[in-house]
Amino acid sequence: MKFNFITLFPTKVQAYFSEGLQEKAIQKGVFSVNIVHLRDFSNNKHLKVDDTPYGGGPGMLLKVEPIDLALKSLGEDKGLVILTTPSGIPFDQNVAEKLSKLEKPITLISGYYEGVDHRVTEHLVDIELSLGNYVISAGDLASLCITDAVSRLLPGFLGDRESLEEESHNERDILEYPQYTKPSDYNGWKVPEILLGGNHAAIESWRNANRKKVDPDITRNL
């Protein structure tokens with residue numbers, strides 16, 4: 001799979017893929033990354049790609065022209081075009097799995113400032129995705145989160161495919177079971193005795209019984 005990033009900050013995106021599992025997966029050819037600097041498509045001598053909104057209001061909007069030209073530069077490699085925005089479809093594990101099965105590239109447009117000229121959404125984007133009901137200062141973070149969640153599902157990314165079978169959110173609102181490692185007793189905090197034996201059926205039953213569930217009111221503890 002190929003991921004294209006249309007961004008104002010190429011070095012931030014590149015840094016994420018320069019080490020760890022992502023770097024190894026790219027070296028193995030599991031997926032590839034192509035970074036497009038939006039300012040390369042500015043028609044302004046100062047390389048501006050944003051302007052004030054019509055009708056007034058605070059902030060600046062990314063202009064439609066440089067985004068259109070950046071997408072055209074990708075040609076057939078454009079594939080599915082995604083805009084990261086707080087008003088998009090909620091991104092979850094189900095969406096990640098569907099994206100991981102695509103047989104074409106994915107292009108992610110990172111939003112900034114007050115947002116993006118709505119003509120981008122109307123004419124240039126296939127889908128808008130949101131990480132949740134909050135606002136971050138740069139869409140690059142959302143684009144990277146989406147790419148990470150999708151790429152780790154690709155064959156060859158993880159050395160042990162079984163790791164994907166017992167993950168959180170494989171089933172709706174069901175999280176992974178608690179896990180422990182050595183030592184079995186630390187400061188009097190002990191690992192459940194059942195996990196220390198070799199009864200695999202009993203361990204499996206304990207794990208299923210102790211899976212966490214998504215709490216719809218997590219703010220009660222804040």
# chains A, B, ... in the order shown; residues from 1 in each chain; ligands from 1
call {"tool": "residues_around", "arguments": {"residues": "Glu97 of chain A", "least_positions_apart": "3", "cutoff": "8 Å", "atoms": "only C-alpha atoms", "output": "short mmCIF file (atom, residue, chain, number, x, y, z; two decimals) with N, CA and C atoms, in the first residue's frame"}}
result
data_model
loop_
_atom_site.label_atom_id
_atom_site.label_comp_id
_atom_site.auth_asym_id
_atom_site.auth_seq_id
_atom_site.Cartn_x
_atom_site.Cartn_y
_atom_site.Cartn_z
N GLN A 93 -11.63 1.24 14.59
CA GLN A 93 -10.94 0.04 14.11
C GLN A 93 -11.62 -0.56 12.89
N ASN A 94 -12.94 -0.46 12.83
CA ASN A 94 -13.67 -0.98 11.68
C ASN A 94 -13.29 -0.24 10.40
N SER A 100 -7.44 -0.88 5.20
CA SER A 100 -6.28 -1.77 5.02
C SER A 100 -6.49 -2.77 3.89
N LYS A 101 -7.72 -2.96 3.47
CA LYS A 101 -8.03 -3.91 2.40
C LYS A 101 -8.12 -3.25 1.02
N VAL A 150 -3.91 1.80 10.15
CA VAL A 150 -4.14 1.03 8.92
C VAL A 150 -2.94 0.18 8.57
N LEU A 153 -2.13 -3.24 10.16
CA LEU A 153 -3.00 -4.35 9.78
C LEU A 153 -2.54 -5.03 8.50
#
call {"tool": "residues_around", "arguments": {"residues": "Glu193 of chain A", "least_positions_apart": "5", "cutoff": "12 Å", "atoms": "only C-alpha atoms", "output": "CSV table (one decimal) with all heavy atoms, in the first residue's frame"}}
result
chain,number,residue,atom,x,y,z
A,180,TYR,N,0.2,-9.1,32.3
A,180,TYR,CA,1.2,-8.9,33.3
A,180,TYR,C,2.5,-9.6,32.8
A,180,TYR,O,2.5,-10.5,32.0
A,180,TYR,CB,0.8,-9.6,34.6
A,180,TYR,CG,-0.5,-9.1,35.2
A,180,TYR,CD1,-1.7,-9.7,34.8
A,180,TYR,CD2,-0.6,-8.0,36.1
A,180,TYR,CE1,-2.9,-9.2,35.3
A,180,TYR,CE2,-1.8,-7.6,36.6
A,180,TYR,CZ,-2.9,-8.2,36.2
A,180,TYR,OH,-4.1,-7.8,36.7
A,184,SER,N,6.4,-11.6,39.4
A,184,SER,CA,5.0,-11.9,39.8
A,184,SER,C,4.5,-11.2,41.0
A,184,SER,O,3.3,-11.1,41.3
A,184,SER,CB,4.8,-13.4,40.0
A,184,SER,OG,5.7,-13.8,41.0
A,185,ASP,N,5.5,-10.7,41.8
A,185,ASP,CA,5.1,-9.9,43.0
A,185,ASP,C,6.0,-8.7,43.0
A,185,ASP,O,7.2,-8.8,43.2
A,185,ASP,CB,5.3,-10.8,44.2
A,185,ASP,CG,4.8,-10.1,45.5
A,185,ASP,OD1,4.7,-8.8,45.5
A,185,ASP,OD2,4.6,-10.8,46.5
A,198,GLY,N,-0.5,-23.5,34.4
A,198,GLY,CA,-0.4,-23.9,33.0
A,198,GLY,C,-1.8,-24.4,32.4
A,198,GLY,O,-1.9,-25.0,31.4
A,199,ASN,N,-2.9,-24.0,33.1
A,199,ASN,CA,-4.2,-24.4,32.7
A,199,ASN,C,-4.7,-23.4,31.7
A,199,ASN,O,-5.3,-22.3,32.0
A,199,ASN,CB,-5.2,-24.5,33.9
A,199,ASN,CG,-6.5,-25.1,33.5
A,199,ASN,OD1,-7.0,-24.9,32.4
A,199,ASN,ND2,-7.1,-25.7,34.5
A,202,ALA,N,-8.5,-22.5,31.7
A,202,ALA,CA,-8.8,-21.6,32.8
A,202,ALA,C,-8.3,-20.2,32.5
A,202,ALA,O,-9.0,-19.2,32.8
A,202,ALA,CB,-8.2,-22.1,34.1
A,203,ILE,N,-7.1,-20.0,32.0
A,203,ILE,CA,-6.6,-18.7,31.6
A,203,ILE,C,-7.4,-18.0,30.6
A,203,ILE,O,-7.7,-16.8,30.7
A,203,ILE,CB,-5.1,-18.9,31.1
A,203,ILE,CG1,-4.2,-19.3,32.3
A,203,ILE,CG2,-4.6,-17.5,30.5
A,203,ILE,CD1,-2.8,-19.6,31.9
A,206,TRP,N,-10.5,-16.8,32.2
A,206,TRP,CA,-10.3,-15.6,33.1
A,206,TRP,C,-10.1,-14.4,32.2
A,206,TRP,O,-10.6,-13.3,32.5
A,206,TRP,CB,-9.0,-15.9,33.9
A,206,TRP,CG,-8.6,-14.7,34.8
A,206,TRP,CD1,-9.0,-14.5,36.1
A,206,TRP,CD2,-7.8,-13.6,34.4
A,206,TRP,NE1,-8.5,-13.4,36.6
A,206,TRP,CE2,-7.8,-12.7,35.6
A,206,TRP,CE3,-7.2,-13.2,33.3
A,206,TRP,CZ2,-7.1,-11.5,35.6
A,206,TRP,CZ3,-6.5,-12.0,33.3
A,206,TRP,CH2,-6.4,-11.2,34.4
call {"tool": "residues_around", "arguments": {"residues": "segment 73-88 of chain A", "least_positions_apart": "5", "cutoff": "7 Å", "atoms": "only C-alpha atoms", "output": "PyMOL selection string"}}
result
chain A and resi 104-111+125-130+132-135+139+142-143
call {"tool": "write_last_selection", "arguments": {"atoms": "N, CA and C atoms", "output": "compact mmCIF listing (two decimals), in the first residue's frame"}}
result
# COMPACT_ATOMS: atom_id res chain seq x y z
N LYS A 104 -5.57 0.22 -3.59
CA LYS A 104 -5.14 1.46 -4.23
C LYS A 104 -4.52 2.36 -3.17
N PRO A 105 -3.79 3.37 -3.58
CA PRO A 105 -3.14 4.27 -2.60
C PRO A 105 -4.16 5.04 -1.76
N ILE A 106 -3.69 5.59 -0.68
CA ILE A 106 -4.48 6.47 0.17
C ILE A 106 -3.76 7.81 0.27
N THR A 107 -4.47 8.88 0.00
CA THR A 107 -3.91 10.22 0.12
C THR A 107 -4.59 10.96 1.26
N LEU A 108 -3.79 11.47 2.19
CA LEU A 108 -4.32 12.18 3.35
C LEU A 108 -3.97 13.66 3.27
N ILE A 109 -4.99 14.49 3.35
CA ILE A 109 -4.80 15.94 3.36
C ILE A 109 -4.92 16.43 4.79
N SER A 110 -3.88 17.06 5.29
CA SER A 110 -3.89 17.56 6.66
C SER A 110 -4.43 18.99 6.70
N GLY A 111 -5.42 19.20 7.55
CA GLY A 111 -5.97 20.54 7.71
C GLY A 111 -5.21 21.34 8.76
N VAL A 125 -12.38 15.56 -2.33
CA VAL A 125 -12.19 14.57 -1.26
C VAL A 125 -13.21 13.44 -1.37
N ASP A 126 -12.75 12.22 -1.10
CA ASP A 126 -13.65 11.06 -1.10
C ASP A 126 -14.32 10.85 0.25
N ILE A 127 -13.59 11.13 1.33
CA ILE A 127 -14.12 10.90 2.67
C ILE A 127 -13.42 11.82 3.66
N GLU A 128 -14.18 12.28 4.66
CA GLU A 128 -13.63 13.06 5.76
C GLU A 128 -13.61 12.18 7.00
N LEU A 129 -12.49 12.17 7.72
CA LEU A 129 -12.36 11.35 8.92
C LEU A 129 -11.97 12.21 10.11
N SER A 130 -12.52 11.87 11.26
CA SER A 130 -12.22 12.57 12.51
C SER A 130 -11.71 11.59 13.55
N GLY A 132 -11.95 12.19 16.74
CA GLY A 132 -12.81 12.30 17.91
C GLY A 132 -13.34 13.71 18.08
N ASN A 133 -14.11 13.89 19.12
CA ASN A 133 -14.76 15.17 19.36
C ASN A 133 -13.85 16.13 20.12
N TYR A 134 -12.76 16.47 19.48
CA TYR A 134 -11.85 17.46 20.04
C TYR A 134 -11.06 18.06 18.88
N VAL A 135 -10.36 19.14 19.14
CA VAL A 135 -9.64 19.86 18.09
C VAL A 135 -8.15 19.84 18.40
N GLY A 139 -3.47 18.88 11.39
CA GLY A 139 -4.05 17.65 10.87
C GLY A 139 -3.04 16.55 10.65
N ALA A 142 -3.48 13.68 13.04
CA ALA A 142 -4.59 12.80 12.69
C ALA A 142 -4.22 11.90 11.51
N SER A 143 -3.55 12.46 10.50
CA SER A 143 -3.14 11.67 9.34
C SER A 143 -2.20 10.54 9.74
call {"tool": "select_by_dssp", "arguments": {"residues": "segment 20-147 of chain A", "states": "alpha helix (DSSP H)", "output": "ChimeraX atom specification"}}
result
/A:20-27,64-74,93-100,118-123,139-147
call {"tool": "write_last_selection", "arguments": {"atoms": "C-alpha atoms", "output": "mmCIF file, in the first residue's frame"}}
result
data_model
loop_
_atom_site.group_PDB
_atom_site.id
_atom_site.type_symbol
_atom_site.label_atom_id
_atom_site.label_comp_id
_atom_site.auth_asym_id
_atom_site.auth_seq_id
_atom_site.Cartn_x
_atom_site.Cartn_y
_atom_site.Cartn_z
ATOM 1 C CA GLY A 20 10.748 1.807 14.896
ATOM 2 C CA LEU A 21 8.231 -0.588 13.375
ATOM 3 C CA GLN A 22 7.221 1.915 10.706
ATOM 4 C CA GLU A 23 10.750 2.222 9.358
ATOM 5 C CA LYS A 24 11.190 -1.567 9.356
ATOM 6 C CA ALA A 25 7.899 -2.097 7.544
ATOM 7 C CA ILE A 26 8.870 0.412 4.844
ATOM 8 C CA GLN A 27 12.255 -1.265 4.434
ATOM 9 C CA VAL A 64 -8.535 25.175 -2.771
ATOM 10 C CA GLU A 65 -6.077 25.791 -5.656
ATOM 11 C CA PRO A 66 -2.820 24.480 -4.109
ATOM 12 C CA ILE A 67 -4.644 21.399 -2.790
ATOM 13 C CA ASP A 68 -6.146 20.745 -6.214
ATOM 14 C CA LEU A 69 -2.746 21.096 -7.899
ATOM 15 C CA ALA A 70 -1.086 18.868 -5.300
ATOM 16 C CA LEU A 71 -3.662 16.137 -5.926
ATOM 17 C CA LYS A 72 -3.283 16.447 -9.694
ATOM 18 C CA SER A 73 0.485 16.025 -9.334
ATOM 19 C CA LEU A 74 -0.129 12.535 -7.955
ATOM 20 C CA GLN A 93 -10.941 0.036 14.113
ATOM 21 C CA ASN A 94 -13.669 -0.976 11.678
ATOM 22 C CA VAL A 95 -12.754 1.884 9.341
ATOM 23 C CA ALA A 96 -9.056 1.028 9.712
ATOM 24 C CA GLU A 97 -9.724 -2.573 8.667
ATOM 25 C CA LYS A 98 -11.694 -1.481 5.615
ATOM 26 C CA LEU A 99 -8.944 0.921 4.556
ATOM 27 C CA SER A 100 -6.277 -1.769 5.020
ATOM 28 C CA HIS A 118 -15.188 23.855 1.616
ATOM 29 C CA ARG A 119 -14.746 23.348 -2.135
ATOM 30 C CA VAL A 120 -12.019 20.855 -1.245
ATOM 31 C CA THR A 121 -14.649 18.740 0.513
ATOM 32 C CA GLU A 122 -17.212 19.288 -2.230
ATOM 33 C CA HIS A 123 -15.016 18.457 -5.220
ATOM 34 C CA GLY A 139 -4.051 17.652 10.873
ATOM 35 C CA ASP A 140 -0.717 15.868 10.464
ATOM 36 C CA LEU A 141 -1.241 14.184 13.828
ATOM 37 C CA ALA A 142 -4.591 12.800 12.686
ATOM 38 C CA SER A 143 -3.140 11.671 9.341
ATOM 39 C CA LEU A 144 -0.331 9.826 11.110
ATOM 40 C CA CYS A 145 -2.718 8.140 13.561
ATOM 41 C CA ILE A 146 -4.886 6.923 10.696
ATOM 42 C CA THR A 147 -1.870 5.661 8.762
#
call {"tool": "select_by_dssp", "arguments": {"residues": "segment 11-100 of chain A", "states": "strand (DSSP E)", "output": "PyMOL selection string"}}
result
chain A and resi 32-37+50-51+61-62+80-90
call {"tool": "write_last_selection", "arguments": {"atoms": "N, CA and C atoms", "output": "mmCIF file, in the first residue's frame"}}
result
data_model
loop_
_atom_site.group_PDB
_atom_site.id
_atom_site.type_symbol
_atom_site.label_atom_id
_atom_site.label_comp_id
_atom_site.auth_asym_id
_atom_site.auth_seq_id
_atom_site.Cartn_x
_atom_site.Cartn_y
_atom_site.Cartn_z
ATOM 1 N N SER A 32 4.590 2.063 1.482
ATOM 2 C CA SER A 32 5.499 3.163 1.154
ATOM 3 C C SER A 32 4.837 4.491 1.489
ATOM 4 N N VAL A 33 5.660 5.508 1.652
ATOM 5 C CA VAL A 33 5.180 6.839 2.023
ATOM 6 C C VAL A 33 5.709 7.864 1.024
ATOM 7 N N ASN A 34 4.808 8.713 0.550
ATOM 8 C CA ASN A 34 5.174 9.804 -0.353
ATOM 9 C C ASN A 34 4.669 11.106 0.253
ATOM 10 N N ILE A 35 5.579 12.038 0.485
ATOM 11 C CA ILE A 35 5.214 13.290 1.146
ATOM 12 C C ILE A 35 5.206 14.431 0.137
ATOM 13 N N VAL A 36 4.077 15.125 0.069
ATOM 14 C CA VAL A 36 3.894 16.237 -0.866
ATOM 15 C C VAL A 36 3.820 17.535 -0.067
ATOM 16 N N HIS A 37 4.743 18.448 -0.355
ATOM 17 C CA HIS A 37 4.770 19.732 0.346
ATOM 18 C C HIS A 37 3.778 20.679 -0.329
ATOM 19 N N ASP A 50 -2.823 29.890 2.308
ATOM 20 C CA ASP A 50 -4.032 30.159 3.073
ATOM 21 C C ASP A 50 -4.477 31.596 2.867
ATOM 22 N N ASP A 51 -5.728 31.890 3.256
ATOM 23 C CA ASP A 51 -6.247 33.251 3.142
ATOM 24 C C ASP A 51 -7.435 33.396 4.077
ATOM 25 N N LEU A 61 -7.993 30.037 6.213
ATOM 26 C CA LEU A 61 -8.391 28.784 5.588
ATOM 27 C C LEU A 61 -7.370 28.369 4.536
ATOM 28 N N LEU A 62 -7.102 27.075 4.430
ATOM 29 C CA LEU A 62 -6.288 26.585 3.326
ATOM 30 C C LEU A 62 -7.052 26.793 2.022
ATOM 31 N N LEU A 80 -7.582 6.860 -2.952
ATOM 32 C CA LEU A 80 -8.651 7.369 -2.090
ATOM 33 C C LEU A 80 -8.150 8.608 -1.371
ATOM 34 N N VAL A 81 -8.891 9.701 -1.457
ATOM 35 C CA VAL A 81 -8.478 10.972 -0.859
ATOM 36 C C VAL A 81 -9.242 11.202 0.447
ATOM 37 N N ILE A 82 -8.496 11.375 1.524
ATOM 38 C CA ILE A 82 -9.069 11.573 2.852
ATOM 39 C C ILE A 82 -8.676 12.948 3.380
ATOM 40 N N LEU A 83 -9.646 13.670 3.917
ATOM 41 C CA LEU A 83 -9.378 14.927 4.612
ATOM 42 C C LEU A 83 -9.599 14.702 6.101
ATOM 43 N N THR A 84 -8.606 15.039 6.908
ATOM 44 C CA THR A 84 -8.762 14.927 8.364
ATOM 45 C C THR A 84 -9.414 16.198 8.886
ATOM 46 N N THR A 85 -10.538 16.037 9.580
ATOM 47 C CA THR A 85 -11.289 17.185 10.071
ATOM 48 C C THR A 85 -12.136 16.778 11.270
ATOM 49 N N PRO A 86 -12.332 17.671 12.253
ATOM 50 C CA PRO A 86 -13.148 17.336 13.424
ATOM 51 C C PRO A 86 -14.596 16.995 13.073
ATOM 52 N N SER A 87 -15.071 17.446 11.902
ATOM 53 C CA SER A 87 -16.463 17.211 11.516
ATOM 54 C C SER A 87 -16.639 15.962 10.657
ATOM 55 N N GLY A 88 -15.563 15.168 10.514
ATOM 56 C CA GLY A 88 -15.634 13.989 9.662
ATOM 57 C C GLY A 88 -16.264 12.785 10.344
ATOM 58 N N ILE A 89 -16.317 11.673 9.613
ATOM 59 C CA ILE A 89 -16.805 10.410 10.150
ATOM 60 C C ILE A 89 -15.839 9.935 11.236
ATOM 61 N N PRO A 90 -16.340 9.478 12.365
ATOM 62 C CA PRO A 90 -15.439 8.991 13.422
ATOM 63 C C PRO A 90 -14.573 7.833 12.920
#
call {"tool": "residues_around", "arguments": {"residues": "Arg211 of chain A", "least_positions_apart": "3", "cutoff": "9 Å", "atoms": "only C-alpha atoms", "output": "mmCIF file with N, CA and C atoms, in the first residue's frame"}}
result
data_model
loop_
_atom_site.group_PDB
_atom_site.id
_atom_site.type_symbol
_atom_site.label_atom_id
_atom_site.label_comp_id
_atom_site.auth_asym_id
_atom_site.auth_seq_id
_atom_site.Cartn_x
_atom_site.Cartn_y
_atom_site.Cartn_z
ATOM 1 N N ILE A 174 -15.409 -3.538 23.155
ATOM 2 C CA ILE A 174 -14.697 -4.514 23.968
ATOM 3 C C ILE A 174 -13.194 -4.250 23.858
ATOM 4 N N LEU A 175 -12.537 -4.127 24.998
ATOM 5 C CA LEU A 175 -11.109 -3.853 25.026
ATOM 6 C C LEU A 175 -10.337 -5.118 25.385
ATOM 7 N N GLU A 176 -9.015 -5.026 25.345
ATOM 8 C CA GLU A 176 -8.191 -6.190 25.626
ATOM 9 C C GLU A 176 -8.199 -6.521 27.113
ATOM 10 N N TYR A 177 -7.891 -7.781 27.428
ATOM 11 C CA TYR A 177 -7.828 -8.223 28.819
ATOM 12 C C TYR A 177 -6.538 -7.722 29.478
ATOM 13 N N PRO A 178 -6.505 -7.648 30.825
ATOM 14 C CA PRO A 178 -5.282 -7.220 31.526
ATOM 15 C C PRO A 178 -4.144 -8.214 31.284
ATOM 16 N N TRP A 206 -10.545 -16.801 32.230
ATOM 17 C CA TRP A 206 -10.273 -15.619 33.063
ATOM 18 C C TRP A 206 -10.112 -14.377 32.189
ATOM 19 N N ARG A 207 -9.399 -14.515 31.088
ATOM 20 C CA ARG A 207 -9.180 -13.375 30.200
ATOM 21 C C ARG A 207 -10.497 -12.854 29.624
ATOM 22 N N ASN A 208 -11.349 -13.763 29.181
ATOM 23 C CA ASN A 208 -12.625 -13.338 28.624
ATOM 24 C C ASN A 208 -13.494 -12.662 29.678
#
call {"tool": "atom_distance", "arguments": {"atom1": "atom CA of Leu8 of chain A", "atom2": "atom CA of Tyr112 of chain A"}}
result
8.7 Å
call {"tool": "atom_distance", "arguments": {"atom1": "atom CA of Glu103 of chain A", "atom2": "atom CA of Phe41 of chain A"}}
result
27.8 Å
call {"tool": "decode", "arguments": {"residues": "segment 76-100 of chain A", "atoms": "N, CA, C and O atoms", "output": "CSV table (one decimal), in the first residue's frame"}}
result
chain,number,residue,atom,x,y,z
A,76,GLU,N,-2.4,9.0,-11.2
A,76,GLU,CA,-3.2,7.8,-10.8
A,76,GLU,C,-2.8,7.3,-9.4
A,76,GLU,O,-3.5,6.4,-8.9
A,77,ASP,N,-1.7,7.8,-8.9
A,77,ASP,CA,-1.3,7.4,-7.5
A,77,ASP,C,-2.2,8.1,-6.4
A,77,ASP,O,-1.9,7.9,-5.2
A,78,LYS,N,-3.1,8.9,-6.8
A,78,LYS,CA,-3.9,9.7,-5.9
A,78,LYS,C,-4.7,8.7,-5.0
A,78,LYS,O,-4.8,8.8,-3.8
A,79,GLY,N,-5.4,7.7,-5.6
A,79,GLY,CA,-6.2,6.8,-4.9
A,79,GLY,C,-7.3,7.4,-4.2
A,79,GLY,O,-8.0,8.3,-4.6
A,80,LEU,N,-7.6,6.9,-3.0
A,80,LEU,CA,-8.7,7.4,-2.1
A,80,LEU,C,-8.2,8.6,-1.4
A,80,LEU,O,-7.1,8.6,-0.7
A,81,VAL,N,-8.9,9.7,-1.5
A,81,VAL,CA,-8.5,11.0,-0.9
A,81,VAL,C,-9.2,11.2,0.4
A,81,VAL,O,-10.5,11.2,0.5
A,82,ILE,N,-8.5,11.4,1.5
A,82,ILE,CA,-9.1,11.6,2.9
A,82,ILE,C,-8.7,12.9,3.4
A,82,ILE,O,-7.5,13.3,3.3
A,83,LEU,N,-9.6,13.7,3.9
A,83,LEU,CA,-9.4,14.9,4.6
A,83,LEU,C,-9.6,14.7,6.1
A,83,LEU,O,-10.6,14.2,6.5
A,84,THR,N,-8.6,15.0,6.9
A,84,THR,CA,-8.8,14.9,8.4
A,84,THR,C,-9.4,16.2,8.9
A,84,THR,O,-8.9,17.3,8.7
A,85,THR,N,-10.5,16.0,9.6
A,85,THR,CA,-11.3,17.2,10.1
A,85,THR,C,-12.1,16.8,11.3
A,85,THR,O,-12.6,15.6,11.3
A,86,PRO,N,-12.3,17.7,12.3
A,86,PRO,CA,-13.1,17.3,13.4
A,86,PRO,C,-14.6,17.0,13.1
A,86,PRO,O,-15.3,16.3,13.8
A,87,SER,N,-15.1,17.4,11.9
A,87,SER,CA,-16.5,17.2,11.5
A,87,SER,C,-16.6,16.0,10.7
A,87,SER,O,-17.7,15.7,10.1
A,88,GLY,N,-15.6,15.2,10.5
A,88,GLY,CA,-15.6,14.0,9.7
A,88,GLY,C,-16.3,12.8,10.3
A,88,GLY,O,-16.7,12.8,11.5
A,89,ILE,N,-16.3,11.7,9.6
A,89,ILE,CA,-16.8,10.4,10.2
A,89,ILE,C,-15.8,9.9,11.2
A,89,ILE,O,-14.6,10.0,11.0
A,90,PRO,N,-16.3,9.5,12.4
A,90,PRO,CA,-15.4,9.0,13.4
A,90,PRO,C,-14.6,7.8,12.9
A,90,PRO,O,-15.1,6.9,12.4
A,91,PHE,N,-13.3,8.0,13.1
A,91,PHE,CA,-12.3,6.9,12.7
A,91,PHE,C,-12.3,5.9,13.8
A,91,PHE,O,-12.0,6.2,15.0
A,92,ASP,N,-12.5,4.6,13.5
A,92,ASP,CA,-12.4,3.5,14.5
A,92,ASP,C,-11.7,2.3,13.8
A,92,ASP,O,-11.3,2.4,12.7
A,93,GLN,N,-11.6,1.2,14.6
A,93,GLN,CA,-10.9,0.0,14.1
A,93,GLN,C,-11.6,-0.6,12.9
A,93,GLN,O,-11.0,-1.1,12.0
A,94,ASN,N,-12.9,-0.5,12.8
A,94,ASN,CA,-13.7,-1.0,11.7
A,94,ASN,C,-13.3,-0.2,10.4
A,94,ASN,O,-13.1,-0.8,9.4
A,95,VAL,N,-13.2,1.1,10.5
A,95,VAL,CA,-12.8,1.9,9.3
A,95,VAL,C,-11.3,1.5,9.0
A,95,VAL,O,-11.0,1.4,7.8
A,96,ALA,N,-10.5,1.4,10.0
A,96,ALA,CA,-9.1,1.0,9.7
A,96,ALA,C,-9.0,-0.3,9.0
A,96,ALA,O,-8.2,-0.4,8.0
A,97,GLU,N,-9.8,-1.3,9.3
A,97,GLU,CA,-9.7,-2.6,8.7
A,97,GLU,C,-10.2,-2.5,7.2
A,97,GLU,O,-9.6,-3.1,6.3
A,98,LYS,N,-11.2,-1.7,7.0
A,98,LYS,CA,-11.7,-1.5,5.6
A,98,LYS,C,-10.6,-0.8,4.8
A,98,LYS,O,-10.4,-1.2,3.6
A,99,LEU,N,-10.0,0.2,5.3
A,99,LEU,CA,-8.9,0.9,4.6
A,99,LEU,C,-7.8,0.0,4.3
A,99,LEU,O,-7.1,0.1,3.2
A,100,SER,N,-7.4,-0.9,5.2
A,100,SER,CA,-6.3,-1.8,5.0
A,100,SER,C,-6.5,-2.8,3.9
A,100,SER,O,-5.5,-3.4,3.4
